[in-house]
Amino acid sequence: MSDSTLLIERFGFTVHVTLNRPESRNAMSLFMLTELDALFDSLQDDRSVRAVVIRGCNGHFCAGGDIKDMANARAKAMAATTDATSSFYELNRAFGRVMLRANELPQVLITVLEGAVLGGGFGLACVSDVGIAAHNAQFGMPETSLGVIPAQIAPFVVQRIGLTQARRLALLGERFDGAEAVRLGIAHFLAQDAGDIEKLLNDVLNKVKRCAPEANRNTKALMHRVGKVEMEKLLDTAALEFAAAVQSAEGTEGTVAFVQKRPPSWAQ
Amino acid sequence: MSDSTLLIERFGFTVHVTLNRPESRNAMSLFMLTELDALFDSLQDDRSVRAVVIRGCNGHFCAGGDIKDMANARAKAMAATTDATSSFYELNRAFGRVMLRANELPQVLITVLEGAVLGGGFGLACVSDVGIAAHNAQFGMPETSLGVIPAQIAPFVVQRIGLTQARRLALLGERFDGAEAVRLGIAHFLAQDAGDIEKLLNDVLNKVKRCAPEANRNTKALMHRVGKVEMEKLLDTAALEFAAAVQSAEGTEGTVAFVQKRPPSWAQ
Amino acid sequence: MSDSTLLIERFGFTVHVTLNRPESRNAMSLFMLTELDALFDSLQDDRSVRAVVIRGCNGHFCAGGDIKDMANARAKAMAATTDATSSFYELNRAFGRVMLRANELPQVLITVLEGAVLGGGFGLACVSDVGIAAHNAQFGMPETSLGVIPAQIAPFVVQRIGLTQARRLALLGERFDGAEAVRLGIAHFLAQDAGDIEKLLNDVLNKVKRCAPEANRNTKALMHRVGKVEMEKLLDTAALEFAAAVQSAEGTEGTVAFVQKRPPSWAQ
């Protein structure tokens, strides 16, 4: 059908994913969305992977949706081979599906945000656990300036940084750099240059290493339930998870390592 | 009944509203609330208006509720012509009604925050899409220092900046300047002087101009639904709205203009 | 059973609580949690107390849970005198109970955050109305590095600063200082040294003094309802509370004092 749009490499407990469509600043084609979906499927129960790093090739993270997919959907609509509304609906909805899955990926999701971080790329940044932003990256939602809406992106921006800043960013079509992205809470760490990015990424992965894999997985899932479940019930369930964690292999190893003043197995 | 409390002017796609009660630093009287309500009614379906700017006359945004209305409600209560509780209830509730409507105004709502930004004025700042704050403006909720509660204001402050800072501001009766308002996310842009305010306002309106009017309207409404509707359902509806936007006059013009490398009609 | 783990002193309208387990950097034992619970019971309807300050002895706020309680729960489990899961569950759940109660304490809750502010101590910081952080304090959730989860803490961190930063802090096991705590919104004021802490605390208590006690109590409860109750209903109830406040002794005194240009009784 097509060459893969993703380069996937494994080092230790980390899967490194490179969005690889250099001809379009790694725009998210439908095929790329399908490949990301399949990747997330394969990672769902893979306990050997503790971190996933997503970045883009050639100095760009991702410039948004792919114009060719849009043109195809238009052409199909013109040729009346499909219902136009359903073509556009399906194309658009695929973005939100990937955002939701990325948001709740069991592993720690780290994005490296260089160059264009626009539209769908901006959305993906907004669902990562850790964002490392190059100071000269360009963030934004260009949709409204093109006459359409950031339908599958804006909701995750609101979740990320609150309505106050999200409404300003979307309604003014703001473009901004890495420093502003960190100030707003879209990204977490600011990199001054390429060397700085690798150093920060290395620091982040070392921190992930110190955290017990199952504990991290369960903590992430717990935090995603806040605001969706009534607080007393949330705490009840969480206390049961705590009791299970204490009695698990990880909890035992953590306690023994602490007493023996050595790093636990997962941090070695 | 009374002269209007609002000066309303139209330039291009923007309605400029000036709160005009200089004798009381533009305190929000019941009559002003009624006039704002009527203005919002008239704007609801007016597609020719894309931005609404609210500011105050004589160097103040708005000093809060009007003491005379309060005195009147007290006098009526004393005279037993009305039930006291219902007088105070109606007076207070009118503020929340205007805040809610301002919050969801279809146009981009911009507030220019100078001088006193207190009580109801503070609430109005908290529901604008874009706030431009003078560095020497004075923000705060003085209610608890007067023995009453910021009943129709505090909820919007919590929505604006989160419980963490809102609880501190309200329970300490904090007063703070424009720089702190921007740091907290109550306002977005900081102006050093009067010239700076006009420059920032002009920049903001130019940015609004680049965004398609219907797209902006629908994006704003979409963002307001986040947290109220379950995420999967929200994304389903949003994808349908995207499909409609693509096929609309705006979506077509946006695509054609992009291909022809010219600004779309709404940005000219 | 044991000496008290809390030093409790009363000055004017303020109750000063010192966590007093110097041998363990004021780690929260089950007994300390029980004592905090009893303290909160006694404060619930005490209108003479308007502020509660919690700090730790010997330069530390609180280093988290108590390892001895954990060891006891393990020992009981080994000896099969109790069901292991229920022992760990009860131990853990007790933290969340205290966090919830501290969060909604009717008085203004102020935490002084020095030295270790870890685990349960970090959670307590996250439910205070005002946090004063020493620049060299050490904040963090060490749980995942020990193979367990911050089950009763992480949910309050998400409520405090949003998911974006909470997920980074928890999943990387971040440790950070007072300046970062203030930047993230975990604490509100940054102290450079011990003298600075006392000065800031004094300022905060003077601000509490200016706010009417019942008005503050009702405002705090109102803000806690935001997001739990539909906004229109919330504003309806709040307007009724406003009407009651205006007609109360406090509301009357506030108005009279304002007209007479003197401080109201509660501020004298």
# chains A, B, ... in the order shown; residues from 1 in each chain; ligands from 1
$ interface_residues --of "chain B" --to "chain C" --cutoff "8 Å" --atoms "only C-alpha atoms" --output "PyMOL selection string"
chain B and resi 84-90+92-93+96+144-152+154-155+158-159+162-165+167-168+170-174
$ write_last_selection --atoms "N, CA and C atoms" --output "tab-separated table (two decimals), in the first residue's frame"
chain	number	residue	atom	x	y	z
B	84	ALA	N	-37.25	40.78	51.46
B	84	ALA	CA	-35.85	41.20	51.43
B	84	ALA	C	-34.99	40.16	50.71
B	85	THR	N	-35.15	38.91	51.09
B	85	THR	CA	-34.32	37.86	50.51
B	85	THR	C	-34.44	37.84	49.00
B	86	SER	N	-35.69	37.97	48.51
B	86	SER	CA	-35.84	37.87	47.06
B	86	SER	C	-35.27	39.11	46.36
B	87	SER	N	-35.31	40.29	47.00
B	87	SER	CA	-34.67	41.47	46.41
B	87	SER	C	-33.17	41.26	46.24
B	88	PHE	N	-32.53	40.83	47.31
B	88	PHE	CA	-31.08	40.64	47.25
B	88	PHE	C	-30.72	39.49	46.30
B	89	TYR	N	-31.55	38.47	46.32
B	89	TYR	CA	-31.33	37.34	45.43
B	89	TYR	C	-31.35	37.79	43.97
B	90	GLU	N	-32.41	38.54	43.59
B	90	GLU	CA	-32.55	38.98	42.20
B	90	GLU	C	-31.40	39.88	41.77
B	92	ASN	N	-28.37	40.02	42.99
B	92	ASN	CA	-27.14	39.26	42.87
B	92	ASN	C	-27.14	38.34	41.66
B	93	ARG	N	-28.27	37.66	41.47
B	93	ARG	CA	-28.35	36.65	40.40
B	93	ARG	C	-28.15	37.25	39.02
B	96	GLY	N	-24.56	36.95	37.71
B	96	GLY	CA	-24.19	35.63	37.19
B	96	GLY	C	-24.76	35.39	35.80
B	144	THR	N	-15.62	39.70	50.56
B	144	THR	CA	-15.54	39.16	51.94
B	144	THR	C	-15.09	40.22	52.94
B	145	SER	N	-14.37	41.24	52.48
B	145	SER	CA	-13.97	42.31	53.40
B	145	SER	C	-15.16	43.22	53.74
B	146	LEU	N	-16.25	43.08	52.99
B	146	LEU	CA	-17.48	43.84	53.26
B	146	LEU	C	-18.53	42.98	53.95
B	147	GLY	N	-18.18	41.76	54.29
B	147	GLY	CA	-19.12	40.89	55.01
B	147	GLY	C	-20.05	40.11	54.11
B	148	VAL	N	-19.83	40.16	52.81
B	148	VAL	CA	-20.66	39.36	51.90
B	148	VAL	C	-19.79	38.40	51.09
B	149	ILE	N	-20.38	37.69	50.14
B	149	ILE	CA	-19.60	36.70	49.39
B	149	ILE	C	-19.62	37.02	47.89
B	150	PRO	N	-18.53	36.70	47.19
B	150	PRO	CA	-18.47	36.92	45.74
B	150	PRO	C	-19.24	35.81	45.03
B	151	ALA	N	-20.56	35.78	45.27
B	151	ALA	CA	-21.37	34.61	44.93
B	151	ALA	C	-21.41	34.32	43.44
B	152	GLN	N	-21.54	35.38	42.61
B	152	GLN	CA	-21.67	35.18	41.17
B	152	GLN	C	-20.34	35.39	40.45
B	154	ALA	N	-16.91	34.33	42.14
B	154	ALA	CA	-15.93	33.31	42.51
B	154	ALA	C	-16.01	32.05	41.64
B	155	PRO	N	-17.23	31.59	41.28
B	155	PRO	CA	-17.27	30.39	40.43
B	155	PRO	C	-16.54	30.58	39.09
B	158	VAL	N	-12.76	30.42	39.66
B	158	VAL	CA	-12.32	29.02	39.75
B	158	VAL	C	-12.20	28.42	38.34
B	159	GLN	N	-13.21	28.65	37.50
B	159	GLN	CA	-13.14	28.15	36.12
B	159	GLN	C	-11.96	28.76	35.36
B	162	GLY	N	-8.43	27.96	38.12
B	162	GLY	CA	-8.32	26.79	38.98
B	162	GLY	C	-8.54	27.15	40.44
B	163	LEU	N	-8.88	26.13	41.20
B	163	LEU	CA	-9.21	26.32	42.61
B	163	LEU	C	-8.03	26.83	43.43
B	164	THR	N	-6.84	26.35	43.09
B	164	THR	CA	-5.63	26.66	43.86
B	164	THR	C	-5.40	28.14	44.07
B	165	GLN	N	-5.44	28.89	42.99
B	165	GLN	CA	-5.19	30.32	43.11
B	165	GLN	C	-6.47	31.05	43.49
B	167	ARG	N	-8.86	30.11	45.50
B	167	ARG	CA	-9.11	30.07	46.94
B	167	ARG	C	-8.22	31.07	47.67
B	168	ARG	N	-6.98	31.17	47.25
B	168	ARG	CA	-6.10	32.15	47.88
B	168	ARG	C	-6.61	33.58	47.64
B	170	ALA	N	-9.59	34.73	46.96
B	170	ALA	CA	-10.86	35.07	47.62
B	170	ALA	C	-10.71	35.11	49.13
B	171	LEU	N	-10.01	34.11	49.70
B	171	LEU	CA	-9.98	33.98	51.17
B	171	LEU	C	-9.03	34.97	51.82
B	172	LEU	N	-8.10	35.52	51.05
B	172	LEU	CA	-7.23	36.57	51.59
B	172	LEU	C	-7.68	37.95	51.12
B	173	GLY	N	-8.74	38.01	50.30
B	173	GLY	CA	-9.16	39.32	49.77
B	173	GLY	C	-8.04	40.02	49.04
B	174	GLU	N	-7.26	39.26	48.26
B	174	GLU	CA	-6.05	39.81	47.62
B	174	GLU	C	-6.39	40.92	46.62
$ residues_around --residues "Ala179 in chain A" --least-positions-apart "5" --cutoff "9 Å" --atoms "only C-alpha atoms" --output "MDAnalysis selection string"
chainID A and resid 133:137 184 187 189:191
$ atom_distance --atom1 "CA of Gly64 in chain C" --atom2 "CA of Ala51 in chain C"
23.8 Å
$ select_by_dssp --residues "range 103-256 of chain B" --states "alpha helix (DSSP H)" --output "PyMOL selection string"
chain B and resi 103+120-125+154-161+163-171+178-184+194-210+213-225+231-247+249-256
$ atom_distance --atom1 "CA of Asp177 in chain C" --atom2 "CA of Glu180 in chain A"
22.1 Å
$ select_by_dssp --residues "range 50-227 of chain C" --states "strand (DSSP E or B)" --output "PyMOL selection string"
chain C and resi 51-56+62+65+108-113+116-118+130-134+138-140+175-176+189-191+226
$ closest_residue --among "C:Thr34, C:Ser29, C:Ser48, C:Ser42" --to "Ile67 in chain C" --atoms "only C-alpha atoms"
C:Ser29
$ residues_around --residues "Phe61 in chain B" --least-positions-apart "2" --cutoff "6 Å" --atoms "only C-alpha atoms" --output "list in words"
Arg55, Gly56, Leu113, Glu114, Ala116 and Val117 of chain B
